[in-house]
Amino acid sequence: MESKKPMFWVMEGGDGAGKSTQIRLLAEFLREKGLAVTVCREPGSTKLGEEIRDILLNRASLTIHRMSELLLFMAARAQVTNEVIRPALARGEVVLADRFVLSSIVYQGYAGGLDIEQLRAIGHIATGGLEPDGTLILDLSVAAAKARRNTPPDRLESEADSFHERVRRGFLSEAARNPDKIHVISAEQPVEMLQQTIRHLTEAIWASSQP
Ligand code: TYD
């Protein structure tokens, strides 16, 4: 994995699947191999994105229509794409993103009821058509995710279990549509084992994408 080929790798999954820990460990592994790695999260990782995150997740008293919610996530996404992701890829770095367009397709579409094909089109506009080289979904049952939560639920975490079931099914349906690019891994295993699986998969995909 010593080449300078840029790579855009996205980690997805329901709430509580452990994405941020796994991204941190994967970034350490890739940096030890000498690669330059940029890590970002959605919504966030820019000043605007963090403000939008606060509006979307922490203001229980705000009424936010599903379409407004979508467009706020997309605005944060346009910002991180242009301010962080594209420049890092242009420098030849590996970008590890905690969520990207697929989260909107699944949360606001499959679970929230917005039109999925419209969401794909809006996602394309927000990102200027940037697509991940690979997406990894950490899959966890809704009950297990709930049991793991140790902080008060944010606005989206407070949605009903049925919403989170639709999120899970949405991720699995999208993976089935595009199995070459979207990989599903069970998150119902210890952190270290999960990280080993993720590292092996990342190395395999890296090797197969080299010219
Ligand atoms: P995240 O910080 O990844 O939460 P967690 O660590 O709990 O998984 O994501 C914030 C929340 O925002 C999460 O509930 C998923 C939701 N979300 C959407 O509904 N649509 C989106 O496009 C994105 C990026 C996130």
# chains A, B, ... in the order shown; residues from 1 in each chain; ligands from 1

call {"tool": "select_by_dssp", "arguments": {"residues": "range 2-46 of chain A", "states": "strand (DSSP E or B)", "output": "PyMOL selection string"}}
result
chain A and resi 7-13+37-41

call {"tool": "write_last_selection", "arguments": {"atoms": "C-alpha atoms", "output": "PDB file, in the first residue's frame"}}
result
ATOM      1  CA  MET A   7      -8.520   6.697  -2.316  1.00  0.00           C
ATOM      2  CA  PHE A   8     -11.924   7.792  -1.074  1.00  0.00           C
ATOM      3  CA  TRP A   9     -13.264   5.277   1.438  1.00  0.00           C
ATOM      4  CA  VAL A  10     -16.592   5.752   3.221  1.00  0.00           C
ATOM      5  CA  MET A  11     -17.779   4.072   6.413  1.00  0.00           C
ATOM      6  CA  GLU A  12     -21.544   3.809   6.904  1.00  0.00           C
ATOM      7  CA  GLY A  13     -23.975   2.144   9.259  1.00  0.00           C
ATOM      8  CA  VAL A  37      -4.783  10.114   5.537  1.00  0.00           C
ATOM      9  CA  THR A  38      -7.553  12.684   5.938  1.00  0.00           C
ATOM     10  CA  VAL A  39     -10.468  11.746   8.164  1.00  0.00           C
ATOM     11  CA  CYS A  40     -13.799  13.564   8.049  1.00  0.00           C
ATOM     12  CA  ARG A  41     -17.308  13.095   9.335  1.00  0.00           C
TER      13      ARG A  41
END

call {"tool": "residues_near_ligand", "arguments": {"ligand": "ligand 1", "cutoff": "6 Å", "atoms": "only C-alpha atoms and all ligand atoms", "output": "VMD selection string"}}
result
chain A and resid 14 to 16 42 to 43 73 99 to 100 103 to 104 107 to 108 156 to 157

call {"tool": "closest_residue", "arguments": {"among": "A:Ala90, A:Met67, A:Leu30, A:Met193", "to": "Gly113 in chain A", "atoms": "only C-alpha atoms"}}
result
A:Met67

call {"tool": "closest_residue", "arguments": {"among": "A:Ala17, A:Val94, A:Leu72, A:Ile55", "to": "Lys33 in chain A", "atoms": "only C-alpha atoms"}}
result
A:Val94

call {"tool": "residues_around", "arguments": {"residues": "Leu26 in chain A", "least_positions_apart": "3", "cutoff": "8 Å", "atoms": "only C-alpha atoms", "output": "PyMOL selection string"}}
result
chain A and resi 22-23+29-30+195+198-199

call {"tool": "select_by_dssp", "arguments": {"residues": "range 33-75 of chain A", "states": "alpha helix (DSSP H)", "output": "compact mmCIF listing (two decimals) with all heavy atoms, in the first residue's frame"}}
result
# COMPACT_ATOMS: atom_id res chain seq x y z
N LYS A 47 -16.29 24.35 9.47
CA LYS A 47 -16.98 25.22 10.42
C LYS A 47 -18.49 25.23 10.16
O LYS A 47 -19.30 25.07 11.06
CB LYS A 47 -16.42 26.65 10.30
CG LYS A 47 -15.90 27.14 11.61
CD LYS A 47 -15.21 28.45 11.54
CE LYS A 47 -15.39 29.05 12.91
NZ LYS A 47 -15.49 30.46 12.98
N LEU A 48 -18.82 25.38 8.87
CA LEU A 48 -20.24 25.38 8.50
C LEU A 48 -20.90 24.04 8.85
O LEU A 48 -21.99 23.99 9.42
CB LEU A 48 -20.40 25.66 7.00
CG LEU A 48 -21.84 25.62 6.48
CD1 LEU A 48 -22.67 26.76 7.08
CD2 LEU A 48 -21.88 25.68 4.96
N GLY A 49 -20.20 22.97 8.53
CA GLY A 49 -20.75 21.63 8.76
C GLY A 49 -21.02 21.37 10.24
O GLY A 49 -22.03 20.75 10.59
N GLU A 50 -20.14 21.83 11.11
CA GLU A 50 -20.34 21.60 12.54
C GLU A 50 -21.53 22.43 13.05
O GLU A 50 -22.28 21.99 13.92
CB GLU A 50 -19.07 21.92 13.35
CG GLU A 50 -17.89 20.96 13.08
CD GLU A 50 -18.14 19.49 13.51
OE1 GLU A 50 -18.99 19.24 14.39
OE2 GLU A 50 -17.48 18.60 12.93
N GLU A 51 -21.71 23.63 12.47
CA GLU A 51 -22.89 24.44 12.86
C GLU A 51 -24.17 23.75 12.41
O GLU A 51 -25.17 23.70 13.12
CB GLU A 51 -22.81 25.83 12.22
CG GLU A 51 -21.57 26.61 12.64
CD GLU A 51 -21.89 27.81 13.52
OE1 GLU A 51 -23.07 28.04 13.79
OE2 GLU A 51 -20.93 28.49 13.93
N ILE A 52 -24.14 23.22 11.18
CA ILE A 52 -25.32 22.51 10.66
C ILE A 52 -25.58 21.27 11.51
O ILE A 52 -26.73 20.94 11.82
CB ILE A 52 -25.12 22.15 9.16
CG1 ILE A 52 -25.11 23.42 8.32
CG2 ILE A 52 -26.21 21.19 8.69
CD1 ILE A 52 -24.82 23.19 6.83
N ARG A 53 -24.51 20.58 11.92
CA ARG A 53 -24.66 19.40 12.77
C ARG A 53 -25.42 19.75 14.06
O ARG A 53 -26.32 19.04 14.48
CB ARG A 53 -23.27 18.85 13.12
CG ARG A 53 -23.30 17.62 13.97
CD ARG A 53 -21.90 17.16 14.36
NE ARG A 53 -21.98 15.87 14.99
CZ ARG A 53 -21.98 14.72 14.34
NH1 ARG A 53 -21.84 14.68 13.05
NH2 ARG A 53 -22.11 13.58 14.98
N ASP A 54 -25.03 20.89 14.62
CA ASP A 54 -25.67 21.29 15.87
C ASP A 54 -27.17 21.53 15.65
O ASP A 54 -28.01 21.11 16.44
CB ASP A 54 -24.95 22.56 16.39
CG ASP A 54 -25.41 22.89 17.79
OD1 ASP A 54 -25.55 21.95 18.59
OD2 ASP A 54 -25.65 24.08 18.07
N ILE A 55 -27.49 22.21 14.54
CA ILE A 55 -28.91 22.46 14.23
C ILE A 55 -29.66 21.14 14.04
O ILE A 55 -30.75 20.94 14.57
CB ILE A 55 -29.04 23.33 12.95
CG1 ILE A 55 -28.51 24.74 13.20
CG2 ILE A 55 -30.48 23.35 12.44
CD1 ILE A 55 -28.41 25.60 11.96
N LEU A 56 -29.04 20.22 13.29
CA LEU A 56 -29.74 18.98 12.94
C LEU A 56 -29.90 18.02 14.11
O LEU A 56 -30.89 17.30 14.19
CB LEU A 56 -28.98 18.26 11.82
CG LEU A 56 -29.25 18.79 10.41
CD1 LEU A 56 -28.24 18.22 9.42
CD2 LEU A 56 -30.67 18.42 9.97
N LEU A 57 -28.92 17.97 14.98
CA LEU A 57 -28.92 16.89 15.97
C LEU A 57 -29.29 17.35 17.38
O LEU A 57 -29.83 16.57 18.16
CB LEU A 57 -27.56 16.19 16.00
CG LEU A 57 -27.11 15.58 14.67
CD1 LEU A 57 -25.79 14.86 14.83
CD2 LEU A 57 -28.17 14.62 14.13
N ASN A 58 -28.98 18.59 17.71
CA ASN A 58 -29.06 18.96 19.13
C ASN A 58 -30.17 19.93 19.51
O ASN A 58 -30.28 20.31 20.66
CB ASN A 58 -27.72 19.57 19.59
CG ASN A 58 -26.57 18.60 19.33
OD1 ASN A 58 -26.77 17.40 19.36
ND2 ASN A 58 -25.39 19.13 19.07
N ARG A 66 -38.74 17.01 6.84
CA ARG A 66 -37.80 16.00 6.31
C ARG A 66 -36.99 16.55 5.13
O ARG A 66 -35.81 16.26 4.99
CB ARG A 66 -38.60 14.76 5.90
CG ARG A 66 -37.77 13.53 5.66
CD ARG A 66 -37.04 13.01 6.89
NE ARG A 66 -37.87 12.24 7.78
CZ ARG A 66 -37.49 11.86 9.00
NH1 ARG A 66 -36.29 12.16 9.46
NH2 ARG A 66 -38.30 11.16 9.78
N MET A 67 -37.65 17.37 4.27
CA MET A 67 -36.92 17.91 3.11
C MET A 67 -35.90 18.96 3.55
O MET A 67 -34.79 19.03 3.01
CB MET A 67 -37.92 18.50 2.09
CG MET A 67 -37.28 19.10 0.85
SD MET A 67 -36.16 17.96 -0.03
CE MET A 67 -37.34 16.98 -0.98
N SER A 68 -36.26 19.76 4.57
CA SER A 68 -35.30 20.75 5.09
C SER A 68 -34.11 20.02 5.70
O SER A 68 -32.95 20.40 5.52
CB SER A 68 -35.95 21.62 6.16
OG SER A 68 -37.24 21.98 5.79
N GLU A 69 -34.44 18.94 6.42
CA GLU A 69 -33.38 18.12 7.04
C GLU A 69 -32.43 17.61 5.95
O GLU A 69 -31.20 17.73 6.07
CB GLU A 69 -34.08 16.95 7.75
CG GLU A 69 -33.16 15.95 8.41
CD GLU A 69 -33.98 14.80 9.00
OE1 GLU A 69 -34.53 14.96 10.10
OE2 GLU A 69 -34.08 13.73 8.36
N LEU A 70 -33.01 17.07 4.88
CA LEU A 70 -32.18 16.56 3.79
C LEU A 70 -31.26 17.65 3.24
O LEU A 70 -30.06 17.43 3.05
CB LEU A 70 -33.06 16.04 2.66
CG LEU A 70 -32.25 15.75 1.39
CD1 LEU A 70 -31.49 14.45 1.54
CD2 LEU A 70 -33.10 15.75 0.15
N LEU A 71 -31.84 18.82 2.99
CA LEU A 71 -31.05 19.87 2.34
C LEU A 71 -29.96 20.40 3.27
O LEU A 71 -28.89 20.80 2.82
CB LEU A 71 -31.97 20.98 1.83
CG LEU A 71 -32.89 20.51 0.69
CD1 LEU A 71 -33.92 21.58 0.35
CD2 LEU A 71 -32.11 20.12 -0.56
N LEU A 72 -30.21 20.36 4.57
CA LEU A 72 -29.16 20.76 5.52
C LEU A 72 -28.03 19.73 5.51
O LEU A 72 -26.84 20.10 5.48
CB LEU A 72 -29.74 20.92 6.93
CG LEU A 72 -30.56 22.19 7.14
CD1 LEU A 72 -31.38 22.10 8.42
CD2 LEU A 72 -29.65 23.42 7.18
N PHE A 73 -28.37 18.42 5.52
CA PHE A 73 -27.31 17.41 5.41
C PHE A 73 -26.53 17.60 4.11
O PHE A 73 -25.31 17.49 4.08
CB PHE A 73 -27.91 16.00 5.44
CG PHE A 73 -28.19 15.47 6.83
CD1 PHE A 73 -29.48 15.14 7.23
CD2 PHE A 73 -27.15 15.28 7.74
CE1 PHE A 73 -29.73 14.65 8.51
CE2 PHE A 73 -27.40 14.78 9.03
CZ PHE A 73 -28.69 14.47 9.40
N MET A 74 -27.26 17.91 3.03
CA MET A 74 -26.61 18.07 1.73
C MET A 74 -25.73 19.33 1.70
O MET A 74 -24.67 19.34 1.05
CB MET A 74 -27.65 18.13 0.61
CG MET A 74 -28.32 16.80 0.33
SD MET A 74 -27.18 15.61 -0.45
CE MET A 74 -28.31 14.23 -0.71
N ALA A 75 -26.17 20.38 2.39
CA ALA A 75 -25.35 21.60 2.43
C ALA A 75 -24.03 21.33 3.16
O ALA A 75 -22.95 21.73 2.72
CB ALA A 75 -26.12 22.72 3.13

call {"tool": "closest_residue", "arguments": {"among": "A:Ala60, A:Ala76, A:Ile137, A:Ile85", "to": "Ser173 in chain A", "atoms": "only C-alpha atoms"}}
result
A:Ile137

call {"tool": "residues_around", "arguments": {"residues": "Leu201 in chain A", "least_positions_apart": "5", "cutoff": "9 Å", "atoms": "only C-alpha atoms", "output": "mmCIF file with N, CA and C atoms, in the first residue's frame"}}
result
data_model
loop_
_atom_site.group_PDB
_atom_site.id
_atom_site.type_symbol
_atom_site.label_atom_id
_atom_site.label_comp_id
_atom_site.auth_asym_id
_atom_site.auth_seq_id
_atom_site.Cartn_x
_atom_site.Cartn_y
_atom_site.Cartn_z
ATOM 1 N N HIS A 183 -19.708 -2.815 0.696
ATOM 2 C CA HIS A 183 -19.421 -4.057 1.421
ATOM 3 C C HIS A 183 -20.073 -4.004 2.798
ATOM 4 N N GLN A 196 -9.688 -5.930 12.264
ATOM 5 C CA GLN A 196 -8.893 -6.830 11.411
ATOM 6 C C GLN A 196 -9.610 -7.084 10.092
ATOM 7 N N TRP A 206 -7.603 -2.061 -2.114
ATOM 8 C CA TRP A 206 -6.483 -1.221 -2.543
ATOM 9 C C TRP A 206 -5.678 -1.945 -3.630
#

call {"tool": "decode", "arguments": {"residues": "range 151-171 of chain A", "atoms": "N, CA, C and O atoms", "output": "PDB file, in the first residue's frame"}}
result
ATOM      1  N   THR A 151     -25.042   7.527  25.663  1.00  0.00           N
ATOM      2  CA  THR A 151     -25.274   8.974  25.777  1.00  0.00           C
ATOM      3  C   THR A 151     -26.748   9.222  25.466  1.00  0.00           C
ATOM      4  O   THR A 151     -27.388   8.386  24.819  1.00  0.00           O
ATOM      5  N   PRO A 152     -27.297  10.362  25.898  1.00  0.00           N
ATOM      6  CA  PRO A 152     -28.707  10.634  25.581  1.00  0.00           C
ATOM      7  C   PRO A 152     -28.892  10.680  24.062  1.00  0.00           C
ATOM      8  O   PRO A 152     -27.999  11.155  23.349  1.00  0.00           O
ATOM      9  N   PRO A 153     -30.027  10.179  23.541  1.00  0.00           N
ATOM     10  CA  PRO A 153     -30.226  10.132  22.096  1.00  0.00           C
ATOM     11  C   PRO A 153     -30.324  11.520  21.473  1.00  0.00           C
ATOM     12  O   PRO A 153     -30.929  12.418  22.057  1.00  0.00           O
ATOM     13  N   ASP A 154     -29.687  11.722  20.295  1.00  0.00           N
ATOM     14  CA  ASP A 154     -29.852  12.992  19.584  1.00  0.00           C
ATOM     15  C   ASP A 154     -31.153  12.937  18.781  1.00  0.00           C
ATOM     16  O   ASP A 154     -31.903  11.958  18.862  1.00  0.00           O
ATOM     17  N   ARG A 155     -31.433  13.995  17.989  1.00  0.00           N
ATOM     18  CA  ARG A 155     -32.746  14.101  17.332  1.00  0.00           C
ATOM     19  C   ARG A 155     -33.041  12.882  16.454  1.00  0.00           C
ATOM     20  O   ARG A 155     -34.154  12.353  16.465  1.00  0.00           O
ATOM     21  N   LEU A 156     -32.046  12.410  15.681  1.00  0.00           N
ATOM     22  CA  LEU A 156     -32.328  11.268  14.799  1.00  0.00           C
ATOM     23  C   LEU A 156     -32.335   9.944  15.553  1.00  0.00           C
ATOM     24  O   LEU A 156     -33.104   9.043  15.247  1.00  0.00           O
ATOM     25  N   GLU A 157     -31.478   9.857  16.573  1.00  0.00           N
ATOM     26  CA  GLU A 157     -31.477   8.629  17.382  1.00  0.00           C
ATOM     27  C   GLU A 157     -32.814   8.457  18.100  1.00  0.00           C
ATOM     28  O   GLU A 157     -33.183   7.355  18.475  1.00  0.00           O
ATOM     29  N   SER A 158     -33.530   9.586  18.305  1.00  0.00           N
ATOM     30  CA  SER A 158     -34.806   9.510  19.013  1.00  0.00           C
ATOM     31  C   SER A 158     -35.948   8.999  18.134  1.00  0.00           C
ATOM     32  O   SER A 158     -37.065   8.814  18.622  1.00  0.00           O
ATOM     33  N   GLU A 159     -35.683   8.792  16.844  1.00  0.00           N
ATOM     34  CA  GLU A 159     -36.734   8.234  15.969  1.00  0.00           C
ATOM     35  C   GLU A 159     -37.104   6.835  16.479  1.00  0.00           C
ATOM     36  O   GLU A 159     -36.301   6.164  17.148  1.00  0.00           O
ATOM     37  N   ALA A 160     -38.313   6.367  16.084  1.00  0.00           N
ATOM     38  CA  ALA A 160     -38.810   5.060  16.544  1.00  0.00           C
ATOM     39  C   ALA A 160     -37.922   3.914  16.053  1.00  0.00           C
ATOM     40  O   ALA A 160     -37.184   4.058  15.064  1.00  0.00           O
ATOM     41  N   ASP A 161     -38.034   2.763  16.728  1.00  0.00           N
ATOM     42  CA  ASP A 161     -37.280   1.574  16.293  1.00  0.00           C
ATOM     43  C   ASP A 161     -37.590   1.225  14.838  1.00  0.00           C
ATOM     44  O   ASP A 161     -36.722   0.778  14.096  1.00  0.00           O
ATOM     45  N   SER A 162     -38.864   1.439  14.433  1.00  0.00           N
ATOM     46  CA  SER A 162     -39.247   1.081  13.059  1.00  0.00           C
ATOM     47  C   SER A 162     -38.444   1.913  12.054  1.00  0.00           C
ATOM     48  O   SER A 162     -38.069   1.442  10.980  1.00  0.00           O
ATOM     49  N   PHE A 163     -38.152   3.173  12.394  1.00  0.00           N
ATOM     50  CA  PHE A 163     -37.323   4.026  11.533  1.00  0.00           C
ATOM     51  C   PHE A 163     -35.927   3.395  11.411  1.00  0.00           C
ATOM     52  O   PHE A 163     -35.389   3.239  10.312  1.00  0.00           O
ATOM     53  N   HIS A 164     -35.371   2.986  12.554  1.00  0.00           N
ATOM     54  CA  HIS A 164     -34.018   2.424  12.526  1.00  0.00           C
ATOM     55  C   HIS A 164     -33.966   1.069  11.820  1.00  0.00           C
ATOM     56  O   HIS A 164     -32.959   0.724  11.199  1.00  0.00           O
ATOM     57  N   GLU A 165     -35.096   0.325  11.877  1.00  0.00           N
ATOM     58  CA  GLU A 165     -35.170  -0.932  11.104  1.00  0.00           C
ATOM     59  C   GLU A 165     -35.132  -0.617   9.613  1.00  0.00           C
ATOM     60  O   GLU A 165     -34.490  -1.310   8.835  1.00  0.00           O
ATOM     61  N   ARG A 166     -35.829   0.462   9.208  1.00  0.00           N
ATOM     62  CA  ARG A 166     -35.829   0.828   7.780  1.00  0.00           C
ATOM     63  C   ARG A 166     -34.435   1.321   7.364  1.00  0.00           C
ATOM     64  O   ARG A 166     -33.989   1.093   6.241  1.00  0.00           O
ATOM     65  N   VAL A 167     -33.744   1.995   8.287  1.00  0.00           N
ATOM     66  CA  VAL A 167     -32.355   2.415   8.001  1.00  0.00           C
ATOM     67  C   VAL A 167     -31.511   1.175   7.708  1.00  0.00           C
ATOM     68  O   VAL A 167     -30.806   1.100   6.707  1.00  0.00           O
ATOM     69  N   ARG A 168     -31.641   0.193   8.592  1.00  0.00           N
ATOM     70  CA  ARG A 168     -30.818  -1.006   8.423  1.00  0.00           C
ATOM     71  C   ARG A 168     -31.138  -1.696   7.093  1.00  0.00           C
ATOM     72  O   ARG A 168     -30.243  -2.056   6.326  1.00  0.00           O
ATOM     73  N   ARG A 169     -32.434  -1.872   6.823  1.00  0.00           N
ATOM     74  CA  ARG A 169     -32.836  -2.537   5.576  1.00  0.00           C
ATOM     75  C   ARG A 169     -32.388  -1.725   4.366  1.00  0.00           C
ATOM     76  O   ARG A 169     -32.007  -2.270   3.340  1.00  0.00           O
ATOM     77  N   GLY A 170     -32.428  -0.411   4.487  1.00  0.00           N
ATOM     78  CA  GLY A 170     -31.997   0.459   3.389  1.00  0.00           C
ATOM     79  C   GLY A 170     -30.524   0.247   3.065  1.00  0.00           C
ATOM     80  O   GLY A 170     -30.143   0.111   1.891  1.00  0.00           O
ATOM     81  N   PHE A 171     -29.699   0.220   4.087  1.00  0.00           N
ATOM     82  CA  PHE A 171     -28.267  -0.016   3.840  1.00  0.00           C
ATOM     83  C   PHE A 171     -28.060  -1.359   3.136  1.00  0.00           C
ATOM     84  O   PHE A 171     -27.287  -1.461   2.175  1.00  0.00           O
TER      85      PHE A 171
END
